[in-house]
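Asks: Structure provided below as structure tokens; questions to follow.
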Amino acid sequence: DLFGDRWSLLIVRNLFIGRMTFSDFLEAPEKIASNILRDRLKKLLFYEIIEYKVYARDKKIKQYYLTDKGIDLFPILHNMSIWSTKHLEFELHPLAVEIIEENKDKSYEQIIEQTTSTYREAREKLVHE
């Protein structure tokens with residue numbers, strides 16, 4: 001049930017690409033409604049897929065980030081992306097094109113390792129700033 005709707009996985013994907021705040025999620029091209037976003041964030045927090053830190057300069061802003069459980073979802077997201085580009089005909093978002101181009105000469109294992117380790121490093125900086 002947690003990942004049966006499109007929004008939860010999109011939130012996880014958005015965290016991987018650097019969106020971290022409620023406003024960031026609302027501004028994503030998919031246009032999630034604020035009430036649905038609140039609900040999905042609560043669920044992801046409850047299941048410890050994400051956590052947040054209060055932004056130092058503005059205590060009203062929460063900066064969300066993936067826990068290790070959430071980071072472990074990356075191979076699933078990556079495989080869904082590969083399947084989609086192989087089997088569905090649609091225009092890719094410019095960010096997807098950029099990511100595909102950056103990773104075209106890497107193995108699956110290299111992509112997974114690089115992406116997850118890079119995310120973990122960024123998360124550590126956020127949590128300890």
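Letters A, B, ... go to the chains of the structure tokens in the order shown; residues in each chain start at 1; ligands are counted from 1 in the same order.
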Could you name the residues that touch Ile82 in chain A at 12 Å or less, counting only C-alpha atoms, but leaving out those on the same chain fewer than 3 positions away, as a PyMOL selection string?
Replies: chain A and resi 75-79+85-88+92+96+99-100+103-104+108
Asks: Go ahead and save the picked residues with N, CA, C and O atoms, as a compact mmCIF listing (two decimals), in the first residue's frame.
Replies:
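Just written: out.txt:
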# COMPACT_ATOMS: atom_id res chain seq x y z
N PRO A 75 17.62 1.09 -6.41
CA PRO A 75 17.65 0.09 -7.50
C PRO A 75 16.26 -0.18 -8.11
O PRO A 75 16.15 -0.39 -9.31
N ILE A 76 15.23 -0.14 -7.29
CA ILE A 76 13.87 -0.34 -7.79
C ILE A 76 13.48 0.80 -8.72
O ILE A 76 12.98 0.58 -9.82
N LEU A 77 13.73 2.03 -8.29
CA LEU A 77 13.42 3.19 -9.13
C LEU A 77 14.22 3.15 -10.43
O LEU A 77 13.70 3.44 -11.50
N HIS A 78 15.47 2.79 -10.32
CA HIS A 78 16.33 2.72 -11.50
C HIS A 78 15.81 1.67 -12.49
O HIS A 78 15.72 1.92 -13.69
N ASN A 79 15.44 0.50 -11.97
CA ASN A 79 14.93 -0.56 -12.83
C ASN A 79 13.60 -0.16 -13.48
O ASN A 79 13.36 -0.48 -14.65
N THR A 85 11.84 3.30 -20.28
CA THR A 85 12.47 3.80 -21.50
C THR A 85 12.56 2.71 -22.57
O THR A 85 12.56 3.01 -23.76
N LYS A 86 12.58 1.46 -22.15
CA LYS A 86 12.65 0.34 -23.09
C LYS A 86 11.29 0.00 -23.70
O LYS A 86 11.21 -0.33 -24.88
N HIS A 87 10.22 0.12 -22.90
CA HIS A 87 8.93 -0.41 -23.33
C HIS A 87 7.84 0.62 -23.58
O HIS A 87 6.79 0.27 -24.11
N LEU A 88 8.04 1.85 -23.18
CA LEU A 88 7.01 2.87 -23.35
C LEU A 88 7.53 3.98 -24.25
O LEU A 88 8.70 4.35 -24.17
N LEU A 92 10.87 12.03 -22.77
CA LEU A 92 11.53 12.06 -21.46
C LEU A 92 11.69 13.49 -20.96
O LEU A 92 11.91 14.41 -21.74
N ALA A 96 15.74 13.56 -16.98
CA ALA A 96 15.94 12.13 -17.26
C ALA A 96 16.95 11.95 -18.39
O ALA A 96 17.82 11.08 -18.33
N ILE A 99 20.40 12.52 -16.98
CA ILE A 99 20.85 11.40 -16.14
C ILE A 99 21.25 10.21 -17.01
O ILE A 99 22.27 9.57 -16.76
N ILE A 100 20.44 9.91 -18.02
CA ILE A 100 20.77 8.80 -18.92
C ILE A 100 22.09 9.06 -19.62
O ILE A 100 22.96 8.18 -19.71
N ASN A 103 25.15 8.55 -17.43
CA ASN A 103 25.39 7.17 -16.99
C ASN A 103 25.52 6.16 -18.12
O ASN A 103 25.63 4.97 -17.87
N LYS A 104 25.55 6.62 -19.36
CA LYS A 104 25.50 5.69 -20.50
C LYS A 104 26.68 4.72 -20.57
O LYS A 104 26.55 3.62 -21.08
N TYR A 108 25.34 -1.22 -14.49
CA TYR A 108 24.23 -1.11 -13.54
C TYR A 108 24.78 -0.96 -12.12
O TYR A 108 24.35 -0.09 -11.36
Asks: Env of range 27-40 of chain A: 9 Å cut, atoms = only C-alpha atoms, seq-sep filter 3 positions within chain, self excluded. Answer as a list in words.
Replies: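 Near neighbours after the sequence-gap exclusion: Leu2, Trp7, Ser8, Leu10, Ile11, Asn14, Arg19, Phe22, Ser23, Asp24, Lys43, Leu44 and Leu45 of chain A.
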Asks: Report, in Å with one decimal, the straight-line distance from CA of Ala56 in chain A to CA of Met20 in chain A.
Replies: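 These atoms are spaced 13.9 Å apart.
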Asks: Looking at A:Gln110, A:Glu91, A:Gly4, A:Leu41, which one is nearest to Phe25 in chain A, with distances taken over only C-alpha atoms?
Replies: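 With only C-alpha atoms as the atom set, the closest residue is A:Leu41.
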Asks: Give me the residues near Arg123 in chain A as a PyMOL selection string, where near means some atom within 9 Å (using only C-alpha atoms) and where sequence neighbours in that chain fewer than 5 positions away do not count.
Replies: chain A and resi 65-67+118+128
